[in-house]
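Trainee: If it helps, the file is called model_28.cif and holds mmCIF, C-alpha atoms:
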```cif
data_my_file
loop_
_atom_site.label_atom_id
_atom_site.label_comp_id
_atom_site.auth_asym_id
_atom_site.auth_seq_id
_atom_site.Cartn_x
_atom_site.Cartn_y
_atom_site.Cartn_z
CA MET G 80 120.39 74.60 -176.11
CA SER G 81 123.94 73.74 -175.01
CA PHE G 82 127.41 72.95 -176.24
CA LEU G 83 128.84 69.47 -175.78
CA LEU G 84 132.21 70.97 -174.99
CA ASP G 85 133.08 69.05 -171.84
CA LYS G 86 132.27 65.57 -173.10
CA HIS G 87 134.51 63.40 -175.28
CA ILE G 88 132.31 61.39 -177.63
CA THR G 89 134.14 58.19 -178.52
CA GLU G 90 132.17 57.65 -181.73
CA PHE G 91 133.32 60.97 -183.18
CA LYS G 92 136.75 59.43 -183.75
CA TYR G 93 135.30 57.68 -186.80
CA MET G 94 134.65 60.99 -188.55
CA LYS G 95 137.09 62.55 -190.97
CA SER G 96 137.32 65.60 -188.70
CA TYR G 97 136.29 65.62 -185.04
CA PRO G 98 133.50 68.23 -184.75
CA LYS G 99 134.62 71.49 -183.17
CA HIS G 100 131.23 72.13 -181.61
CA ILE G 101 128.10 70.10 -181.07
CA TYR G 102 124.87 71.77 -180.05
CA TYR G 103 122.17 69.73 -178.39
CA ARG G 104 118.72 69.77 -176.90
CA GLY G 105 117.48 66.92 -174.74
CA ASP G 106 119.09 64.15 -172.75
CA GLU G 107 122.80 63.88 -173.54
CA ASP G 108 123.02 60.67 -171.52
CA LEU G 109 121.62 58.83 -174.54
CA LEU G 110 125.11 59.13 -176.01
CA ASN G 111 126.31 56.68 -173.36
CA ARG G 112 123.97 53.91 -174.48
CA GLN G 113 124.27 51.37 -177.27
CA LYS G 114 123.21 52.96 -180.54
CA VAL G 115 122.11 51.78 -183.99
CA SER G 116 121.89 54.11 -187.00
CA VAL G 117 118.98 53.87 -189.45
CA VAL G 118 118.83 55.60 -192.84
CA GLY G 119 116.74 55.34 -195.99
CA THR G 120 114.62 56.97 -198.63
CA ARG G 121 112.24 59.85 -197.99
CA ARG G 122 109.55 57.91 -199.87
CA PRO G 123 109.53 54.42 -198.35
CA SER G 124 107.06 51.74 -199.33
CA GLY G 125 104.44 50.53 -196.87
CA TYR G 126 106.46 47.34 -196.46
CA THR G 127 109.59 49.32 -195.55
CA LYS G 128 107.72 51.45 -193.03
CA SER G 129 106.32 48.35 -191.34
CA ILE G 130 109.69 46.60 -191.07
CA VAL G 131 111.50 49.73 -189.87
CA MET G 132 108.85 50.22 -187.20
CA GLN G 133 109.24 46.62 -186.04
CA ILE G 134 113.04 46.78 -185.92
CA THR G 135 113.35 50.14 -184.18
CA SER G 136 110.62 49.48 -181.61
CA SER G 137 112.14 46.09 -180.80
CA LEU G 138 115.62 47.54 -180.40
CA ALA G 139 114.32 50.37 -178.22
CA SER G 140 112.54 47.86 -175.98
CA ARG G 141 115.96 46.37 -175.27
CA GLY G 142 117.45 49.74 -174.30
CA VAL G 143 119.06 50.51 -177.67
CA VAL G 144 119.01 54.10 -178.94
CA ILE G 145 118.05 54.69 -182.57
CA VAL G 146 120.02 57.36 -184.45
CA SER G 147 118.65 58.96 -187.61
CA GLY G 148 118.49 62.26 -189.47
CA ALA G 149 115.00 63.65 -188.68
CA ALA G 150 114.09 63.72 -192.39
CA MET G 151 110.82 62.62 -193.94
CA GLY G 152 110.28 58.96 -194.71
CA VAL G 153 112.50 56.30 -193.13
CA ASP G 154 114.09 58.74 -190.65
CA ALA G 155 110.73 59.78 -189.21
CA VAL G 156 109.52 56.17 -189.02
CA ALA G 157 112.71 55.15 -187.21
CA HIS G 158 112.38 57.93 -184.62
CA ASN G 159 108.71 57.18 -184.04
CA GLY G 160 109.34 53.45 -183.83
CA ALA G 161 111.98 53.91 -181.16
CA GLY G 162 109.88 56.34 -179.15
CA TYR G 163 110.91 59.88 -178.22
CA SER G 164 113.03 58.86 -175.23
CA SER G 165 115.06 56.26 -177.14
CA THR G 166 116.18 58.20 -180.17
CA ILE G 167 118.78 60.71 -181.33
CA ALA G 168 117.91 63.08 -184.19
CA VAL G 169 120.92 64.52 -186.02
CA MET G 170 120.03 67.74 -187.81
CA GLY G 171 121.23 69.12 -191.14
CA CYS G 172 120.49 72.63 -189.88
CA GLY G 173 121.10 74.71 -186.78
CA ILE G 174 119.48 73.68 -183.52
CA LYS G 175 117.13 76.69 -183.53
CA HIS G 176 115.33 75.30 -186.58
CA ARG G 177 113.04 72.28 -186.70
CA TYR G 178 113.46 71.19 -190.28
CA PRO G 179 111.78 69.79 -192.29
CA LYS G 180 108.64 71.61 -191.15
CA ILE G 181 106.53 68.48 -191.60
CA ASN G 182 108.58 66.86 -188.80
CA SER G 183 108.53 69.91 -186.53
CA ASN G 184 106.31 68.27 -183.91
CA LEU G 185 108.38 65.08 -184.01
CA ILE G 186 111.62 66.99 -183.44
CA LYS G 187 110.07 69.04 -180.64
CA SER G 188 108.84 65.87 -178.94
CA ILE G 189 112.31 64.30 -179.14
CA GLU G 190 113.80 67.45 -177.59
CA THR G 191 111.31 67.65 -174.74
CA LYS G 192 110.31 64.05 -174.00
CA GLY G 193 113.58 62.37 -173.15
CA GLY G 194 115.28 62.12 -176.54
CA LEU G 195 118.25 64.01 -177.95
CA VAL G 196 118.64 66.40 -180.88
CA LEU G 197 122.16 67.16 -182.13
CA SER G 198 123.65 69.60 -184.64
CA GLN G 199 127.22 70.40 -185.55
CA PHE G 200 126.11 73.64 -187.24
CA ASP G 201 125.73 77.08 -185.70
CA PRO G 202 122.27 77.52 -184.11
CA ASP G 203 120.94 79.86 -186.83
CA PHE G 204 122.32 77.83 -189.76
CA ILE G 205 119.76 77.08 -192.48
CA ALA G 206 120.01 73.67 -194.11
CA THR G 207 121.58 73.34 -197.56
CA THR G 208 122.18 70.37 -199.85
CA TRP G 209 125.74 69.86 -198.62
CA SER G 210 124.82 70.11 -194.93
CA PHE G 211 122.71 66.95 -195.18
CA VAL G 212 125.73 65.08 -196.50
CA VAL G 213 127.74 66.34 -193.52
CA ARG G 214 124.86 65.36 -191.22
CA ASN G 215 124.90 61.83 -192.61
CA GLU G 216 128.50 61.31 -191.49
CA LEU G 217 127.54 62.07 -187.90
CA VAL G 218 124.49 59.78 -188.08
CA VAL G 219 126.66 56.88 -189.24
CA ALA G 220 129.48 57.58 -186.77
CA LEU G 221 127.20 57.42 -183.74
CA GLY G 222 125.77 53.97 -184.49
CA GLU G 223 127.42 50.65 -183.74
CA VAL G 224 126.00 49.41 -187.04
CA LEU G 225 124.15 50.99 -189.96
CA ILE G 226 120.75 49.77 -191.14
CA VAL G 227 119.79 50.86 -194.67
CA ALA G 228 116.05 50.37 -194.97
CA GLU G 229 115.42 51.27 -198.61
CA ALA G 230 117.49 53.24 -201.12
CA ASP G 231 117.85 54.07 -204.78
CA LEU G 232 121.18 53.90 -206.53
CA ASN G 233 123.09 57.21 -206.42
CA SER G 234 120.87 58.50 -203.62
CA GLY G 235 121.87 60.48 -200.55
CA THR G 236 121.30 57.36 -198.50
CA MET G 237 124.05 55.60 -200.42
CA ARG G 238 126.43 58.38 -199.37
CA SER G 239 125.81 57.20 -195.82
CA VAL G 240 126.85 53.73 -196.93
CA GLU G 241 130.17 55.12 -198.16
CA TYR G 242 130.76 56.66 -194.74
CA ALA G 243 129.98 53.33 -193.08
CA LYS G 244 132.46 51.53 -195.32
CA LYS G 245 135.23 54.01 -194.52
CA MET G 246 134.48 53.73 -190.80
CA GLY G 247 134.39 49.93 -190.90
CA LYS G 248 130.81 49.82 -189.62
CA PRO G 249 128.75 46.67 -190.29
CA ILE G 250 125.94 47.38 -192.77
CA PHE G 251 122.54 45.67 -192.70
CA VAL G 252 119.67 46.05 -195.14
CA ILE G 253 116.02 45.09 -195.33
CA PRO G 254 115.56 42.59 -198.18
CA HIS G 255 113.46 43.80 -201.12
CA ARG G 256 112.06 42.30 -204.32
CA LEU G 257 113.95 42.54 -207.60
CA GLY G 258 113.52 45.94 -209.19
CA GLU G 259 112.80 47.61 -205.85
CA SER G 260 115.29 49.42 -203.60
CA LYS G 261 118.09 48.95 -206.11
CA GLY G 262 120.60 50.53 -203.74
CA THR G 263 120.17 47.95 -200.98
CA ASN G 264 119.94 45.08 -203.45
CA SER G 265 123.25 46.20 -204.96
CA LEU G 266 124.83 46.08 -201.50
CA LEU G 267 123.71 42.48 -201.09
CA GLU G 268 125.01 41.59 -204.53
CA SER G 269 128.43 43.10 -203.76
CA LYS G 270 128.41 41.49 -200.30
CA ASP G 271 128.89 44.90 -198.68
CA ALA G 272 125.82 44.34 -196.51
CA GLU G 273 123.94 41.57 -194.76
CA ALA G 274 120.18 41.16 -195.05
CA ILE G 275 117.92 41.14 -192.00
CA TYR G 276 115.80 38.08 -192.66
CA ASP G 277 114.81 37.43 -189.05
CA ILE G 278 114.11 40.50 -186.90
CA ASP G 279 114.17 38.63 -183.59
CA LYS G 280 117.51 37.03 -184.43
CA PHE G 281 118.95 40.36 -185.50
CA ILE G 282 117.96 42.29 -182.38
CA SER G 283 119.02 39.48 -180.05
CA SER G 284 122.63 40.64 -180.26
CA PHE G 285 121.75 44.14 -179.06
CA GLY G 286 120.50 45.63 -175.84
CA ILE G 287 120.58 44.38 -172.29
CA PHE G 288 121.40 40.81 -173.26
CA SER G 289 124.47 41.75 -175.32
CA ASN G 290 127.81 41.14 -173.61
CA SER G 291 128.96 44.55 -174.82
CA GLU G 292 126.07 46.29 -173.06
CA LYS G 293 127.10 45.81 -169.44
CA ASP G 294 126.92 49.47 -168.56
CA ASP G 295 123.33 50.25 -169.53
CA THR G 296 120.91 51.69 -166.99
CA PHE G 297 119.12 48.42 -166.28
CA MET G 298 122.28 46.40 -165.59
CA GLN G 299 123.79 49.14 -163.46
CA TYR G 300 120.59 49.16 -161.43
CA CYS G 301 120.67 45.37 -161.01
CA LYS G 302 124.27 45.50 -159.79
CA MET G 303 123.02 47.45 -156.76
CA SER G 304 120.99 44.36 -155.68
CA PRO G 305 117.62 46.11 -155.54
CA SER G 306 114.57 44.31 -154.23
CA TYR G 307 112.67 42.28 -156.79
CA GLU G 308 109.55 44.33 -156.09
CA ASP G 309 111.31 47.65 -156.76
CA ALA G 310 112.94 46.29 -159.91
CA MET G 311 109.58 45.20 -161.25
CA LYS G 312 108.06 48.62 -160.57
CA LYS G 313 110.92 50.33 -162.38
CA PHE G 314 111.61 48.00 -165.34
CA GLY G 315 108.72 45.54 -165.53
CA GLN G 316 109.08 43.16 -168.48
CA LYS G 317 112.85 43.65 -168.65
CA VAL G 318 113.20 41.84 -165.34
CA PHE G 319 111.34 38.77 -166.63
CA GLU G 320 113.37 38.75 -169.85
CA ALA G 321 116.68 39.01 -167.99
CA GLU G 322 115.66 36.15 -165.71
CA ILE G 323 114.76 33.94 -168.65
CA GLU G 324 118.06 34.73 -170.36
CA GLY G 325 119.96 33.83 -167.19
CA ILE G 326 121.42 37.34 -166.86
CA ILE G 327 120.02 37.85 -163.37
CA ALA G 328 118.51 35.75 -160.59
CA VAL G 329 116.35 36.48 -157.56
CA LYS G 330 117.75 35.45 -154.19
CA ASP G 331 116.11 36.29 -150.87
CA GLY G 332 113.87 38.78 -152.63
CA ARG G 333 116.72 40.69 -154.25
CA ILE G 334 118.18 40.89 -157.77
CA VAL G 335 121.57 39.24 -158.29
CA VAL G 336 123.57 39.66 -161.49
CA LEU G 337 124.97 36.33 -162.69
#
```
I need this file expressed as structure tokens, please.
Mentor:
Amino acid sequence: MSFLLDKHITEFKYMKSYPKHIYYRGDEDLLNRQKVSVVGTRRPSGYTKSIVMQITSSLASRGVVIVSGAAMGVDAVAHNGAGYSSTIAVMGCGIKHRYPKINSNLIKSIETKGGLVLSQFDPDFIATTWSFVVRNELVVALGEVLIVAEADLNSGTMRSVEYAKKMGKPIFVIPHRLGESKGTNSLLESKDAEAIYDIDKFISSFGIFSNSEKDDTFMQYCKMSPSYEDAMKKFGQKVFEAEIEGIIAVKDGRIVVL
């Protein structure tokens, strides 16, 4: 457990008040990578779970970090979809607690297997109703965009939407049938959100192939002109994908960034 006292987090500027203290467990370097926030109901449908898993795993495969609140339902699916080393869990309690208990093993795995767990509350703080609302602001602030997977009207998830609006964050939703997920459908009706109709198209603007993602680990590695063989051992499929996209080339057995 540590303070993030010596690091200025750019995304915190979106919050109403810059946090005085942030406690963390895990790899703080995840804060330097491109991030997408995912929120939603604690009781998602099977359809929602499947789509969230597809979106988060696809984003993580491109080096994007998934940010969510470690709660049951959509949060847990998002963390699991991203994989422990590509996710940030923002807690509504102190860092000494792994709450909710049902997600205790998930939170522990994020802490110890390359992910990051954050809390702006004192280490011994026990979660309350209002602390989850405060937690939601931090979840939204950290992401470049907000994905709302499924939500009822007047739900806690919709409070996250209000934060996103105030911060000027783009909002995306998973499309649902009439009568289902009334919160996300209302966002589409009011044109406050855009639907994700094509997952591949959506994720194509994120990750190592995004012009805004020049400083990620993979691209920094490529800029050192490593041998093609070493690059393949370290990043595998990413090398092929970058070649196909025309981001890199191989000359005299070495990687060259184009």
Trainee: Apply the PyMOL selection byres ((chain G and resi 246) around 10) to the structure shown and report the selected residues as JSON, numbers by chain.
Mentor: {"G": [92, 93, 94, 95, 216, 219, 220, 240, 241, 242, 243, 244, 245, 247, 248, 249]}
Trainee: From the set G:Glu229, G:Ser124, G:Ala274, G:Phe297, which residue has the shortest atom-to-atom contact distance to G:Ile250, counting all atoms listed in the file?
Mentor: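 Smallest separation from G:Ile250 among the options: G:Ala274.
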Trainee: As an exercise, work out the distance from atom CA of G:Lys280 to atom CA of G:Gly162 in Å and give it to one decimal place.
Mentor: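 Between atom CA of G:Lys280 and atom CA of G:Gly162 the gap works out to 21.4 Å.
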Trainee: Out of G:Val218, G:Ala157, G:Leu138, G:Val144, which residue has the shortest atom-to-atom distance to G:Met170 when counting only C-alpha atoms?
Mentor: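 The shortest atom-to-atom distance to G:Met170 comes from G:Val218.
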Trainee: Between G:Asn184, G:Thr296, G:Ser140, G:Ser147, which residue has the minimum interatomic distance to G:Asp108, considering all atoms listed in the file?
Mentor: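 Comparing G:Asn184, G:Thr296, G:Ser140, G:Ser147 against G:Asp108, the winner is G:Thr296.
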Trainee: Please identify all polymer residues within 12 Å of G:Arg177, counting only C-alpha atoms, omitting same-chain residues fewer than 4 positions from it, and present them as a ChimeraX atom specification.
Mentor: /G:104,148-150,168-173,181-190,196-198,202-206
Trainee: Can you list, as a PyMOL selection string, every protein, DNA or RNA residue that comes within 12 Å of G:Lys330 when you count only C-alpha atoms, leaving out same-chain residues fewer than 5 positions away?
Mentor: chain G and resi 304-307+322+335-337
Trainee: Atom CA of G:Ile167 and atom CA of G:Ile226 are how many Å apart?
Mentor: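 Straight-line distance from atom CA of G:Ile167 to atom CA of G:Ile226 works out to 14.8 Å.
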Trainee: Could you tell me which residues the PyMOL selection byres ((chain G and resi 122) around 8) returns for this structure, as a PDB file with C-alpha atoms, keeping the file's coordinate frame?
Mentor:
```pdb
ATOM      1  CA  THR G 120     114.620  56.970-198.630  1.00  0.00           C
ATOM      2  CA  ARG G 121     112.240  59.850-197.990  1.00  0.00           C
ATOM      3  CA  PRO G 123     109.530  54.420-198.350  1.00  0.00           C
ATOM      4  CA  SER G 124     107.060  51.740-199.330  1.00  0.00           C
ATOM      5  CA  MET G 151     110.820  62.620-193.940  1.00  0.00           C
ATOM      6  CA  GLY G 152     110.280  58.960-194.710  1.00  0.00           C
ATOM      7  CA  VAL G 153     112.500  56.300-193.130  1.00  0.00           C
TER       8      VAL G 153
END
```
Trainee: Check the smallest atom-to-atom distance from each of G:Leu257, G:Gly332, G:Ile327, G:Phe281 to G:Asp309 using all atoms listed in the file, then report the winner.
Mentor: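 Looking at the shortest contact to G:Asp309, the residue is G:Gly332.
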Trainee: Please report the interatomic distance between atom CA of G:Gly105 and atom CA of G:Phe251 in Å with one decimal.
Mentor: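 Calculated distance between atom CA of G:Gly105 and atom CA of G:Phe251 is 28.3 Å.
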Trainee: Near G:Ser265, within 10 Å and counting only C-alpha atoms, which residues show up once chain neighbours fewer than 4 positions away are dropped, as a list in words?
Mentor: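 Counting only C-alpha atoms, the residues come to Ala230, Asp231, Leu232, Ser260, Lys261, Ser269, Lys270, Asp271 and Ala272 of chain G.
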Trainee: Near G:Ile88, counting all atoms listed in the file, which residues have an atom at most 10 Å away, once you skip same-chain residues fewer than 5 positions from it, shown as a list in words?
Mentor: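 Those residues are Leu83, Tyr97, Pro98, Leu110, Asn111 and Leu221 of chain G.
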Trainee: Using the chain letters and numbers from the file, which residues does the PyMOL selection byres ((chain G and resi 277) around 12) grab, as a ChimeraX atom specification?
Mentor: /G:130,133-134,251-254,273-276,278-283
